[in-house]
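Trainee: Pasting a structure below so you can have a look.
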Amino acid sequence: MASYDEVLKTVYLVRHGQSEHNIAPIYQSQNVRLSSEGREQASLIAERVSDLDIDTLIASPLPRAMETAQIIGQVIAKELITSDILVERITPSFIEGKPYEDAESNKIWREWEANFYTPGARIADGENYENYILRVDKALEMFNNESGKSLLVVSHGGFIRAIAARVALGNLLTPELMKKFNNTVGIENTGITVLKYRAGFEDDAKWRLWSYNDHSHLTK
């Protein structure tokens, strides 16, 4: 039987390396790949985690996350599993790959962003807040249900921020607080965020946010 404070699960959340659209003045596309710097960042994070005893490697299926995870997987010798649950916040498809200066795309993005945190609102085929948080909860459930005790998960900046906010605030998280968190809390490409799941605590306190956005490997 697990002791009261025993760590049952450790999850290392890694944001993907820099993508080509992270450095371009365009709305990020689903299919964008890593930049040359992003591939170097992925190599650095792979080296950083090489000494960890990782049981399972999971990634978002979007190319920028898959590439990052594949580079890590080659170093830690783990087969990659993908899950659609881990994709980034889903923007209206019309704007993908469009330049920021495109008037129609900019209008749609601003309308979507302004209404994202409004309960029940939906703009075009973009994701809304309720669906987003439901996906966050599904991710935490997936982590808990994985048989391995130590997971390395490659996902996206916005989604990792949302997971961190959900773990930190639990059922106290509101659309307003999520918006504030998104606007004030940054995350670096390949930054590591650590979650621990512990035995013996109340349901909304079993997950703990252990560290956030550690990117010291990028200073080499």
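Chain labels A, B, ... are given in the sequence in which chains occur in the structure tokens; within each chain residues are numbered consecutively from 1, and ligands are likewise numbered from 1 in the order shown.
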With a distance cut-off of 12 Å and only C-alpha atoms, select the neighbouring residues of Arg110 of chain A, excluding the residue or stretch itself and same-chain residues fewer than 3 positions from it, and output the selection as a list in words.

Mentor: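 Surrounding residues, per the criterion: Tyr27, Thr91, Pro92, Ile95, Tyr100, Ala103, Glu104, Ser105, Asn106, Lys107, Glu113, Ala114, Asn115, Phe116, Ile123 and Gly126 of chain A.
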
Trainee: Leaving out Ile45 of chain A and any residue of its chain fewer than 4 positions from it, which residues lie within 7 Å of it when counting only C-alpha atoms, given as a list of chain:residue names?

Mentor: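 Here the answer would be A:Gln41, A:Val49, A:Thr190, A:His217.
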
Trainee: Go ahead and compute the interatomic distance for atom CA of Leu172 of chain A and atom CA of Leu13 of chain A, in Å to one decimal.

Mentor: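 That distance, rounded to one decimal, is 22.3 Å.
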
Trainee: Mind checking DSSP for segment 38-164 of chain A and telling me the helix (DSSP H, G or I) residues as a VMD selection string?

Mentor: chain A and resid 38 to 49 63 to 76 84 to 86 93 to 95 103 to 115 129 to 145 157 to 164

Trainee: Which of chain A counts as strand (DSSP E or B) under DSSP, as a VMD selection string please?

Mentor: chain A and resid 7 to 15 19 26 34 56 to 59 80 to 82 99 150 to 155 192 to 198 207 to 214

Trainee: Using only C-alpha atoms, find each residue of segment 160-196 of chain A with at least one atom at most 9 Å away from an atom of segment 134-141 of chain A; report its shortest atom-to-atom pair and that distance in Å (one decimal), sort the rows by chain and rising residue number, and return the result as a tab-separated table.

Mentor:
residue	atom	partner	partner_atom	distance
A:Ile160	CA	A:Val136	CA	8.8
A:Ala162	CA	A:Val136	CA	6.9
A:Ile163	CA	A:Val136	CA	5.8
A:Arg166	CA	A:Val136	CA	7.7
A:Val167	CA	A:Leu140	CA	8.9

Trainee: Write out, as an mmCIF file, in the first residue's frame, the residues just selected, with N, CA and C atoms.

Mentor:
data_model
loop_
_atom_site.group_PDB
_atom_site.id
_atom_site.type_symbol
_atom_site.label_atom_id
_atom_site.label_comp_id
_atom_site.auth_asym_id
_atom_site.auth_seq_id
_atom_site.Cartn_x
_atom_site.Cartn_y
_atom_site.Cartn_z
ATOM 1 N N ILE A 160 0.492 23.342 -22.208
ATOM 2 C CA ILE A 160 1.230 23.093 -20.968
ATOM 3 C C ILE A 160 0.884 24.154 -19.923
ATOM 4 N N ALA A 162 -1.955 25.646 -19.642
ATOM 5 C CA ALA A 162 -3.293 25.319 -19.156
ATOM 6 C C ALA A 162 -3.256 24.154 -18.171
ATOM 7 N N ILE A 163 -2.424 23.159 -18.433
ATOM 8 C CA ILE A 163 -2.272 22.041 -17.498
ATOM 9 C C ILE A 163 -1.723 22.542 -16.169
ATOM 10 N N ARG A 166 -4.415 24.377 -14.282
ATOM 11 C CA ARG A 166 -5.431 23.453 -13.763
ATOM 12 C C ARG A 166 -4.928 22.728 -12.524
ATOM 13 N N VAL A 167 -3.673 22.275 -12.573
ATOM 14 C CA VAL A 167 -3.104 21.585 -11.417
ATOM 15 C C VAL A 167 -2.965 22.539 -10.231
#

Trainee: Find the residues around Glu176 of chain A up to 10 Å (only C-alpha atoms counted), leave out those fewer than 4 positions away in its own chain, and share them as a VMD selection string.

Mentor: chain A and resid 117 to 118 180 to 182

Trainee: Using only C-alpha atoms, which of the listed residues (A:Ser50, A:His156, A:Gly191, A:Lys179) sits closest to Asn22 of chain A?

Mentor: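 Of all the options, A:His156 lies closest to Asn22 of chain A.
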
Trainee: To one decimal place in Å, what is the distance between atom CA of Tyr197 of chain A and atom CA of Gly157 of chain A?

Mentor: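 Interatomic distance here is 21.3 Å.
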
Trainee: When you count only C-alpha atoms, which of these residues is closest to Ser19 of chain A: A:Glu130, A:Glu79, A:Glu146, A:Glu37?

Mentor: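 Closest to Ser19 of chain A, using only C-alpha atoms: A:Glu37.
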
Trainee: Name the residues in contact with Glu47 of chain A at a cut-off of 10 Å, using only C-alpha atoms, excluding same-chain residues fewer than 3 positions from it; report them as a PyMOL selection string.

Mentor: chain A and resi 41-44+50-51+71-72+75-76+217

Trainee: Take the selection from the previous step and output its residues with C-alpha atoms, as a short mmCIF file (atom, residue, chain, number, x, y, z; two decimals), in the first residue's frame.

Mentor:
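The file below, result_31.cif, is the result:
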data_model
loop_
_atom_site.label_atom_id
_atom_site.label_comp_id
_atom_site.auth_asym_id
_atom_site.auth_seq_id
_atom_site.Cartn_x
_atom_site.Cartn_y
_atom_site.Cartn_z
CA GLN A 41 17.01 22.86 -28.86
CA ALA A 42 15.50 19.37 -29.20
CA SER A 43 19.01 17.87 -29.12
CA LEU A 44 19.81 19.84 -25.97
CA SER A 50 19.04 11.31 -20.97
CA ASP A 51 19.80 10.41 -17.35
CA ILE A 71 14.96 13.43 -31.36
CA ILE A 72 14.46 12.76 -27.64
CA VAL A 75 18.60 9.41 -27.19
CA ILE A 76 16.53 7.76 -24.46
CA HIS A 217 19.79 23.49 -20.86
#

Trainee: I'd like the neighbourhood of Arg198 of chain A as a list in words, where a residue qualifies if any of its atoms comes within 7 Å (using only C-alpha atoms), though same-chain residues fewer than 6 positions away should be ignored.

Mentor: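 So the residues in contact are Asp5, Glu6, Val7, Leu8, Lys206 and Trp207 of chain A.
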
Trainee: What gap, in Å, lies between atom CA of Ala164 of chain A and atom CA of Leu80 of chain A?

Mentor: 23.1 Å

Trainee: With only C-alpha atoms as the basis for distance, which of A:Ile192, A:Leu62, A:Leu218, A:Val185 is at the shortest distance from Tyr12 of chain A?

Mentor: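 That would be A:Ile192, the residue with the smallest distance to Tyr12 of chain A.
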
Trainee: So which one's closest to Ile81 of chain A, A:Leu152, A:Arg161, A:Glu20, A:Arg33? Using only C-alpha atoms, please.

Mentor: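 With only C-alpha atoms as the atom set, the closest residue is A:Leu152.
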
Trainee: If we count only C-alpha atoms, what is near Ile26 of chain A at a cut-off of 8 Å, once residues fewer than 5 positions away on the same chain are taken out, given as a list of chain:residue names?

Mentor: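 My reading of the contact set: A:His21, A:Glu96, A:Gly97, A:Lys98, A:Pro99, A:Tyr100.
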
Trainee: Using only C-alpha atoms, find the one residue out of A:Leu151, A:Val14, A:Met142, A:Ile85 that sits nearest to Tyr212 of chain A.

Mentor: A:Val14
